[in-house]
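*Asks:* Next up, entry_6.txt (compact mmCIF, C-alpha atoms and all ligand atoms).
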# COMPACT_ATOMS: atom_id res chain seq x y z
CA MET A 1 159.11 91.40 72.91
CA THR A 2 155.38 90.86 73.48
CA LEU A 3 152.39 91.70 71.35
CA GLN A 4 150.92 94.99 72.44
CA PHE A 5 147.23 95.58 73.19
CA ASP A 6 146.63 97.48 69.95
CA ASP A 7 148.37 94.79 67.88
CA LEU A 8 146.25 92.08 69.40
CA LEU A 9 143.07 94.08 69.05
CA SER A 10 143.56 95.19 65.47
CA ARG A 11 144.75 91.89 63.97
CA SER A 12 142.85 88.71 63.27
CA ARG A 13 143.92 85.60 65.15
CA THR A 14 145.75 84.27 62.09
CA GLN A 15 147.54 87.57 61.54
CA CYS A 16 148.64 87.60 65.19
CA ARG A 17 150.05 84.11 64.90
CA GLU A 18 152.02 85.19 61.84
CA ASP A 19 153.27 88.29 63.66
CA ALA A 20 154.36 86.17 66.60
CA ILE A 21 156.29 83.77 64.38
CA LYS A 22 158.05 86.67 62.65
CA ALA A 23 158.94 88.14 66.03
CA GLY A 24 160.33 84.81 67.24
CA LEU A 25 157.50 84.31 69.74
CA ARG A 26 155.53 81.14 70.29
CA PRO A 27 152.38 81.33 68.12
CA GLY A 28 150.42 79.42 70.77
CA ASN A 29 151.05 82.25 73.24
CA ALA A 30 149.83 84.81 70.72
CA ASP A 31 146.75 82.68 70.13
CA ASP A 32 145.97 82.49 73.83
CA ALA A 33 146.47 86.22 74.34
CA TRP A 34 144.28 86.98 71.33
CA VAL A 35 141.41 84.80 72.52
CA GLU A 36 141.68 86.18 76.06
CA LEU A 37 141.43 89.73 74.77
CA HIS A 38 138.67 89.27 72.21
CA ARG A 39 136.57 86.58 73.85
CA HIS A 40 137.04 87.28 77.52
CA GLY A 41 137.89 90.99 77.53
CA CYS A 42 141.14 90.70 79.42
CA ARG A 43 143.78 93.46 79.34
CA GLN A 44 140.95 95.98 79.15
CA GLU A 45 142.89 98.37 81.37
CA GLU A 46 145.65 98.58 78.77
CA SER A 47 143.43 100.28 76.22
CA GLU A 48 143.76 103.58 78.10
CA ARG A 49 140.70 104.80 76.29
CA PRO A 50 138.24 105.43 79.04
CA ILE A 51 134.57 106.00 78.52
CA ILE A 52 134.20 109.72 79.05
CA ARG A 53 130.44 109.94 78.57
CA THR A 54 127.49 107.63 78.41
CA GLU A 55 124.00 108.86 77.70
CA GLU A 56 120.92 106.71 77.63
CA GLU A 57 117.43 106.98 76.25
CA GLY A 58 115.38 103.87 76.83
CA ASP A 59 117.57 100.97 75.79
CA THR A 60 119.72 103.12 73.51
CA VAL A 61 123.16 103.92 74.87
CA LYS A 62 125.55 106.44 73.35
CA PHE A 63 129.10 106.37 74.63
CA ALA A 64 132.16 108.45 73.90
CA LEU A 65 135.76 107.27 74.18
CA ARG A 66 138.87 109.42 74.41
CA MET A 67 141.72 108.48 72.10
CA HIS A 68 145.42 108.81 72.92
CA ASP A 69 145.59 112.25 71.28
CA GLY A 70 142.57 113.58 73.16
CA HIS A 71 140.06 113.24 70.34
CA GLU A 72 136.82 111.41 70.89
CA THR A 73 134.79 108.74 69.16
CA GLU A 74 131.09 108.28 69.66
CA SER A 75 129.29 104.97 69.28
CA VAL A 76 125.72 103.88 69.84
CA ILE A 77 124.27 100.62 71.10
CA LEU A 78 120.81 99.99 69.68
CA PRO A 79 118.81 97.02 70.96
CA MET A 80 116.12 96.01 68.46
CA GLN A 81 113.67 93.26 67.75
CA GLY A 82 114.68 91.38 64.58
CA SER A 83 112.17 90.31 61.91
CA THR A 84 112.07 86.83 63.49
CA GLY A 85 111.25 88.32 66.89
CA LYS A 86 114.75 87.63 68.22
CA LYS A 87 116.53 90.40 70.10
CA ARG A 88 119.40 92.00 68.20
CA ILE A 89 121.90 94.39 69.67
CA THR A 90 123.37 96.59 67.00
CA LEU A 91 126.53 98.59 67.56
CA CYS A 92 126.90 101.67 65.40
CA LEU A 93 130.62 102.33 64.94
CA SER A 94 132.47 105.49 64.00
CA SER A 95 135.24 105.28 61.41
CA GLN A 96 136.54 108.86 61.60
CA VAL A 97 136.67 111.74 64.05
CA GLY A 98 134.34 114.20 62.33
CA CYS A 99 133.65 113.99 58.61
CA ALA A 100 134.68 115.92 55.51
CA LEU A 101 131.56 115.39 53.46
CA GLY A 102 129.45 118.20 54.86
CA CYS A 103 125.95 116.73 54.57
CA ALA A 104 123.59 119.55 55.51
CA PHE A 105 121.45 117.49 57.87
CA CYS A 106 124.28 115.93 59.86
CA GLU A 107 125.71 116.96 63.21
CA THR A 108 129.05 115.23 62.56
CA ALA A 109 129.53 117.41 59.47
CA THR A 110 129.74 120.50 61.67
CA MET A 111 133.04 119.19 63.07
CA GLY A 112 134.77 118.90 59.71
CA LEU A 113 137.20 116.00 59.32
CA ILE A 114 139.69 115.79 62.14
CA ARG A 115 141.24 112.44 61.34
CA ASN A 116 140.72 108.83 60.40
CA LEU A 117 140.43 106.31 63.19
CA GLU A 118 142.98 103.54 63.36
CA VAL A 119 141.87 99.91 63.26
CA ALA A 120 142.46 99.51 67.00
CA GLU A 121 140.42 102.65 67.68
CA ILE A 122 137.50 101.30 65.65
CA LEU A 123 137.71 97.95 67.42
CA THR A 124 138.08 99.51 70.85
CA GLN A 125 134.51 100.77 70.40
CA TRP A 126 133.38 97.15 70.02
CA HIS A 127 135.62 95.94 72.85
CA VAL A 128 134.22 98.51 75.26
CA ALA A 129 130.60 97.83 74.24
CA LYS A 130 131.11 94.09 74.64
CA HIS A 131 133.40 93.79 77.63
CA THR A 132 132.96 96.99 79.64
CA LEU A 133 129.29 97.72 78.98
CA LYS A 134 128.55 93.98 78.82
CA GLN A 135 126.39 94.18 75.70
CA ASP A 136 126.02 91.05 73.65
CA ILE A 137 126.61 92.71 70.30
CA THR A 138 125.03 90.79 67.41
CA ASN A 139 125.17 93.32 64.57
CA ILE A 140 127.61 95.97 63.43
CA VAL A 141 126.83 99.00 61.31
CA PHE A 142 129.41 101.52 60.16
CA MET A 143 127.03 104.45 60.36
CA GLY A 144 128.55 106.49 63.16
CA MET A 145 130.84 109.46 62.78
CA GLY A 146 132.62 109.64 59.43
CA GLU A 147 132.39 108.24 55.91
CA PRO A 148 133.65 104.63 56.12
CA MET A 149 134.75 104.58 52.48
CA GLN A 150 137.20 107.41 53.25
CA ASN A 151 138.95 105.10 55.72
CA LEU A 152 138.25 101.84 53.99
CA ASP A 153 141.52 100.00 54.66
CA ALA A 154 140.95 100.35 58.39
CA VAL A 155 137.24 99.52 58.12
CA LEU A 156 137.89 96.33 56.10
CA GLN A 157 140.59 95.20 58.52
CA ALA A 158 138.18 95.85 61.42
CA ILE A 159 135.52 93.78 59.65
CA GLU A 160 137.97 90.89 59.25
CA VAL A 161 138.68 90.94 62.96
CA LEU A 162 135.01 91.27 63.92
CA GLY A 163 134.15 88.26 61.76
CA ASP A 164 136.74 86.01 63.40
CA ARG A 165 134.96 82.98 64.87
CA SER A 166 137.30 82.79 67.84
CA GLY A 167 136.59 86.38 68.82
CA ALA A 168 133.69 88.75 68.22
CA GLU A 169 132.15 86.21 65.84
CA ILE A 170 129.90 88.65 64.03
CA ALA A 171 128.56 86.93 60.91
CA PRO A 172 129.24 88.82 57.66
CA SER A 173 125.48 89.06 57.06
CA ARG A 174 125.28 91.11 60.26
CA ILE A 175 127.89 93.64 59.22
CA SER A 176 126.87 96.64 57.17
CA VAL A 177 128.88 99.53 55.76
CA SER A 178 127.01 102.69 54.93
CA THR A 179 128.30 105.24 52.44
CA ALA A 180 127.19 108.66 51.30
CA GLY A 181 128.01 107.43 47.80
CA ARG A 182 131.77 107.05 47.32
CA VAL A 183 131.86 105.09 44.06
CA LYS A 184 135.47 103.90 44.33
CA GLY A 185 134.76 102.80 47.89
CA ILE A 186 131.69 100.82 46.83
CA ASP A 187 133.76 99.10 44.14
CA ARG A 188 136.55 98.22 46.58
CA TYR A 189 134.03 96.96 49.13
CA ARG A 190 132.55 94.84 46.33
CA GLU A 191 135.97 93.29 45.72
CA PHE A 192 136.18 92.51 49.44
CA MET A 193 132.67 91.02 49.32
CA ASN A 194 133.84 88.73 46.51
CA ARG A 195 136.49 87.12 48.71
CA ASP A 196 135.77 83.72 50.18
CA GLY A 197 133.52 83.94 53.21
CA TRP A 198 132.47 87.59 52.86
CA ARG A 199 129.70 87.30 50.26
CA GLN A 200 127.01 88.16 52.82
CA VAL A 201 128.32 91.55 53.99
CA ARG A 202 125.84 94.35 53.56
CA LEU A 203 125.97 97.68 51.77
CA ALA A 204 123.86 100.70 52.65
CA VAL A 205 123.83 103.84 50.53
CA SER A 206 122.68 107.09 52.03
CA VAL A 207 120.76 108.59 49.11
CA ASN A 208 118.42 111.05 50.84
CA ALA A 209 117.10 112.68 47.71
CA PRO A 210 114.77 111.82 44.84
CA ASN A 211 116.82 113.73 42.27
CA GLU A 212 120.23 115.25 41.60
CA GLU A 213 119.18 118.83 42.34
CA ILE A 214 117.98 118.11 45.86
CA ARG A 215 120.87 115.74 46.53
CA LYS A 216 123.33 118.48 45.66
CA GLU A 217 121.61 120.74 48.18
CA LEU A 218 121.78 118.16 50.94
CA MET A 219 124.97 116.29 50.11
CA PRO A 220 127.88 118.18 48.53
CA ILE A 221 129.49 114.86 47.51
CA THR A 222 126.93 114.78 44.68
CA ARG A 223 129.01 117.36 42.78
CA ALA A 224 131.82 114.80 42.55
CA GLU A 225 129.74 111.62 42.41
CA SER A 226 126.54 111.93 40.38
CA MET A 227 123.48 109.93 41.33
CA GLU A 228 123.92 108.02 38.09
CA SER A 229 127.48 107.00 38.96
CA VAL A 230 126.33 105.90 42.42
CA ARG A 231 123.51 103.92 40.88
CA ASN A 232 125.93 102.23 38.47
CA ALA A 233 128.19 101.25 41.38
CA MET A 234 125.18 99.80 43.22
CA GLN A 235 124.21 97.87 40.10
CA ARG A 236 127.77 96.44 39.86
CA TRP A 237 127.45 95.31 43.49
CA LEU A 238 124.21 93.48 42.71
CA ASP A 239 125.46 92.07 39.40
CA ASP A 240 128.40 90.58 41.28
CA GLY A 241 126.08 88.75 43.66
CA GLY A 242 126.00 91.30 46.47
CA GLN A 243 123.13 91.24 48.94
CA LYS A 244 120.12 93.52 48.73
CA ILE A 245 121.17 97.15 49.22
CA LEU A 246 119.68 99.38 51.86
CA VAL A 247 118.85 102.80 50.41
CA GLU A 248 118.78 105.25 53.30
CA TYR A 249 116.48 108.22 53.00
CA VAL A 250 116.50 110.83 55.74
CA LEU A 251 113.08 112.41 55.42
CA ILE A 252 113.38 116.17 55.88
CA PRO A 253 110.29 118.40 55.89
CA GLY A 254 110.21 120.79 52.95
CA MET A 255 113.33 119.31 51.35
CA ASN A 256 112.69 115.79 50.13
CA ASP A 257 109.13 114.99 51.19
CA HIS A 258 107.13 116.48 48.30
CA PRO A 259 104.33 114.22 46.97
CA ASP A 260 106.28 113.81 43.68
CA HIS A 261 109.40 112.54 45.43
CA PRO A 262 108.42 108.93 46.20
CA GLN A 263 107.80 108.20 42.52
CA GLN A 264 111.05 109.94 41.53
CA LEU A 265 112.97 107.81 44.01
CA ALA A 266 111.20 104.67 42.79
CA ASP A 267 112.16 105.57 39.20
CA TRP A 268 115.79 106.00 40.24
CA ILE A 269 115.81 102.62 41.96
CA GLN A 270 113.95 100.98 39.04
CA ASP A 271 114.45 97.25 39.30
CA MET A 272 117.49 97.21 41.57
CA ASN A 273 117.31 94.82 44.50
CA CYS A 274 116.99 97.48 47.20
CA ARG A 275 115.00 98.29 50.27
CA VAL A 276 114.37 101.92 51.15
CA ASN A 277 114.95 102.74 54.78
CA VAL A 278 113.02 105.89 55.61
CA ILE A 279 114.73 107.68 58.47
CA PRO A 280 112.67 110.47 60.01
CA TYR A 281 115.03 113.45 60.24
CA ASN A 282 116.59 113.88 63.67
CA PRO A 283 117.26 117.60 64.04
CA ARG A 284 120.93 118.40 64.52
CA ARG A 285 121.90 121.30 66.74
CA ASP A 286 120.74 124.64 65.24
CA SER A 287 118.77 122.75 62.63
CA PRO A 288 116.88 124.81 60.05
CA TRP A 289 114.35 121.98 59.77
CA PRO A 290 112.07 120.33 62.31
CA ALA A 291 111.51 116.59 62.55
CA PRO A 292 108.82 115.36 60.16
CA THR A 293 105.33 114.71 61.51
CA GLU A 294 104.04 111.17 61.88
CA GLU A 295 101.41 111.89 59.21
CA SER A 296 104.00 113.03 56.68
CA ILE A 297 106.16 109.96 57.36
CA ASP A 298 103.19 107.62 56.93
CA LEU A 299 102.15 109.33 53.73
CA PHE A 300 105.65 109.21 52.25
CA ILE A 301 106.00 105.52 53.05
CA ALA A 302 102.56 104.74 51.62
CA ASP A 303 103.48 106.55 48.39
CA LEU A 304 106.78 104.66 48.13
CA LEU A 305 104.93 101.38 48.58
CA SER A 306 102.40 102.36 45.91
CA ALA A 307 105.31 103.17 43.61
CA GLY A 308 106.55 99.60 44.02
CA CYS A 309 109.41 100.08 46.51
CA GLN A 310 110.25 97.78 49.38
CA VAL A 311 110.27 100.02 52.44
CA ASN A 312 111.31 99.99 56.09
CA ARG A 313 110.89 102.75 58.57
CA ARG A 314 113.83 103.33 60.89
CA ARG A 315 112.47 103.50 64.42
CA THR A 316 113.60 106.76 65.97
CA MET A 317 115.85 105.94 68.89
CA GLY A 318 118.06 108.16 70.97
CA ARG A 319 116.91 111.50 69.59
CA ASP A 320 116.86 113.14 73.03
CA VAL A 321 120.49 112.26 73.74
CA MET A 322 121.69 113.16 70.22
CA ALA A 323 122.38 109.50 69.53
CA ALA A 324 120.06 109.14 66.60
CA CYS A 325 121.15 108.86 62.99
CA GLY A 326 123.01 111.99 61.87
CA GLN A 327 123.30 113.38 65.38
CA LEU A 328 126.71 112.15 66.49
CA GLY A 329 129.41 114.69 67.19
CA ASN A 330 130.84 116.70 70.01
CA PRO A 331 129.50 120.27 70.11
CA GLU A 332 132.65 121.44 71.90
CA ILE A 333 135.00 120.43 69.11
CA LYS A 334 136.99 123.47 68.08
CA ARG A 335 137.08 122.77 64.37
CA ARG A 336 133.35 123.25 64.15
CA VAL A 337 132.56 124.41 60.61
CA PRO A 338 129.54 126.41 59.48
CA LEU A 339 127.11 124.45 57.37
CA ARG A 340 125.33 125.82 54.37
CA ILE A 341 121.62 126.07 54.90
CA PRO A 342 119.95 124.98 51.66
CA ARG A 343 117.44 127.36 50.06
S1 LIG A 401 125.89 111.95 56.98
FE1 LIG A 401 127.70 110.63 57.06
S2 LIG A 401 128.86 111.22 55.23
FE2 LIG A 401 127.40 112.89 55.59
S3 LIG A 401 128.55 114.36 56.87
FE3 LIG A 401 127.43 112.98 58.26
S4 LIG A 401 128.90 111.39 58.80
FE4 LIG A 401 129.67 112.42 56.95
Here is a file; write its structure as structure tokens.
Ligand code: SF4

*Replies:*
Amino acid sequence: MTLQFDDLLSRSRTQCREDAIKAGLRPGNADDAWVELHRHGCRQEESERPIIRTEEEGDTVKFALRMHDGHETESVILPMQGSTGKKRITLCLSSQVGCALGCAFCETATMGLIRNLEVAEILTQWHVAKHTLKQDITNIVFMGMGEPMQNLDAVLQAIEVLGDRSGAEIAPSRISVSTAGRVKGIDRYREFMNRDGWRQVRLAVSVNAPNEEIRKELMPITRAESMESVRNAMQRWLDDGGQKILVEYVLIPGMNDHPDHPQQLADWIQDMNCRVNVIPYNPRRDSPWPAPTEESIDLFIADLLSAGCQVNRRRTMGRDVMAACGQLGNPEIKRRVPLRIPR
């Protein structure tokens, strides 16, 4: 018996050693095979998950992989300049094929949920980016297709593997999980964060609305998880010593960009340790809304700053190849579901 590609990919080095011992194999051999695979990219051919598409816009690369059952994942490589001027290469990973949450502005939502990705399928995205596309990945964000908190066991296991110093060696502070607001998921991720060595992992919450009424229009999850319950979960994260939370706000003309909205959002955040990340809306296919104008983005950000918020603007990257935030998803997928068009 030997350890298979998926076993090696989806387990940490320590877990692989333990598996080898249980299977009566020499742990040193498992160690060597693990390091070869993660560090040096060997046995790539065994993944049998070929890249079926790559699309590029500037430095941004979107790639799609085919899984064993024919379904596809999409991932995006985003080179950026960090705040210190150092180059960062962020890999945006998918955690599901499609998504069940039905956010009105999101291309992935039109697919519905097809299935969760397995740990090896999540990590294959990293392996291909690192060893086939030769990208020196420094940061990981779970912001691709799917709601990571709906597949949290697999996501947490993938994070453990990605953080392994003998392999991908991505520091916890460079790993971020983004949620549409799954309270139980935030609480479980908080428990993970509390384990030794993981205190620095990051949480992002996709809020996208200044009040409950608009959030219900844009994000059906709000009917199950009120903004107050999401806020309480965020507060628990911070009270437990979690890092500053990124509040994501997709700015959509005519929906959540009224002059009153920055103050409403600031009131909701109150004194939580958060930074608002304003993401200019990237029109999905058949979008009822255009992208916001530069003037409206600037004005919204200025009003947030005046209201006392810390603010970033997400640089728009990959819009032309449908690789930007909220644009992942295969238009040919058969389980395409109609989206409600608010108002
Ligand atoms: S924005 Fe995220 S949570 Fe909402 S439908 Fe898209 S992938 Fe799912």

*Asks:* Please report, as JSON, the centre and edge lengths in Å to one decimal of an axis-aligned box covering all listed atoms of stretch 269-286 of chain A with 4 Å per side.

*Replies:*
{"center_x": 117.3, "center_y": 109.7, "center_z": 52.9, "size_x": 17.2, "size_y": 37.8, "size_z": 35.7}

*Asks:* Compare A:Ile21, A:Cys92, A:Leu3, A:Ala180 by their minimum atom-to-atom distance to ligand LIG 401 (chain A), counting only C-alpha atoms and all ligand atoms, and give me the closest one.

*Replies:* A:Ala180

*Asks:* Could you give me the residues within 6 Å of ligand LIG 401 (chain A), counting only C-alpha atoms and all ligand atoms, as a PyMOL selection string?

*Replies:* chain A and resi 99+101-103+106+108-109+145-147+180+326

*Asks:* Given the choices A:Gly308, A:Pro253, A:Asp303, A:Glu160, which gets closest to A:Asp271 if the distance is worked out from only C-alpha atoms?

*Replies:*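 The answer is A:Gly308, which sits nearest to A:Asp271.
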
*Asks:* Tell me which protein, DNA and RNA residues are within 10 Å of A:Trp268, counting all atoms listed in the file, leaving out same-chain ones fewer than 5 positions away, and put them as number ranges by chain.

*Replies:* A: 210-211, 227-228, 231, 262-263

*Asks:* Quick one: residues within 8 Å of A:Pro292, all atoms listed in the file, excluding same-chain residues fewer than 2 positions away - as a list in words?

*Replies:*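 In the requested format, the answer is Leu251, Ile252, Pro253, Pro280, Tyr281, Pro290, Glu294, Ser296 and Ile297 of chain A.
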
*Asks:* Measuring between only C-alpha atoms, which one of A:Glu74, A:Asp31, A:Glu18, A:Asp257 shows the shortest distance to A:Ala209?

*Replies:*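 So, comparing all the options, the nearest one is A:Asp257.
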
*Asks:* For atom CA of A:Met234 and atom CA of A:Ile186, determine how far apart the two atoms are, in Å to one decimal place.

*Replies:*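 Rounded to one decimal, the two atoms are 7.5 Å apart.
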
*Asks:* Would you pick out the contacts of A:Leu93 at 10 Å or less, using only C-alpha atoms, so that residues sharing its chain but fewer than 4 positions from it are not included, and give the list as JSON, numbers by chain?

*Replies:* {"A": [73, 74, 75, 76, 77, 122, 123, 124, 125, 126, 140, 141, 142, 143, 144, 145, 146, 148, 155, 177]}

*Asks:* My list of candidates is A:Leu133, A:Ile89, A:Leu299, A:Ala120. Which is closest to A:Val161 when distances are computed with all atoms listed in the file?

*Replies:* A:Ala120

*Asks:* Which polymer residues have any atom within 9 Å of an atom of A:His38, counting all atoms listed in the file, with same-chain residues fewer than 6 positions away left out, as a list in words?

*Replies:*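 Close residues of A:His38: Leu8, Leu9, His127, His131, Ser166, Gly167 and Ala168 of chain A.
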
*Asks:* Can you tell me how far atom CA of A:Ser206 sits from atom CA of A:Ala302, in Å to one decimal?

*Replies:*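 Atom-to-atom, atom CA of A:Ser206 and atom CA of A:Ala302 are spaced 20.3 Å apart.
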
*Asks:* Contacts of A:Ala171 at 10 Å or less, counting all atoms listed in the file, minus same-chain residues fewer than 5 places along, as a PyMOL selection string?

*Replies:* chain A and resi 138-140+159+162-165+197-198+200-201

*Asks:* Rounded to one decimal place, report the atom CA of A:Asp187-atom CA of A:Trp237 distance in Å.

*Replies:* 7.4 Å

*Asks:* For A:Ile269, which of A:Met255, A:Ile245, A:Ala154, A:Met149 is the closest residue, counting all atoms listed in the file?

*Replies:*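 Result for the nearest residue to A:Ile269: A:Ile245.
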
*Asks:* Using all atoms listed in the file, can you tell me which of A:Ala30, A:Ala291, A:Ser83, A:Arg188 comes closest to A:Asn312?

*Replies:*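 The closest residue to A:Asn312 is A:Ser83.
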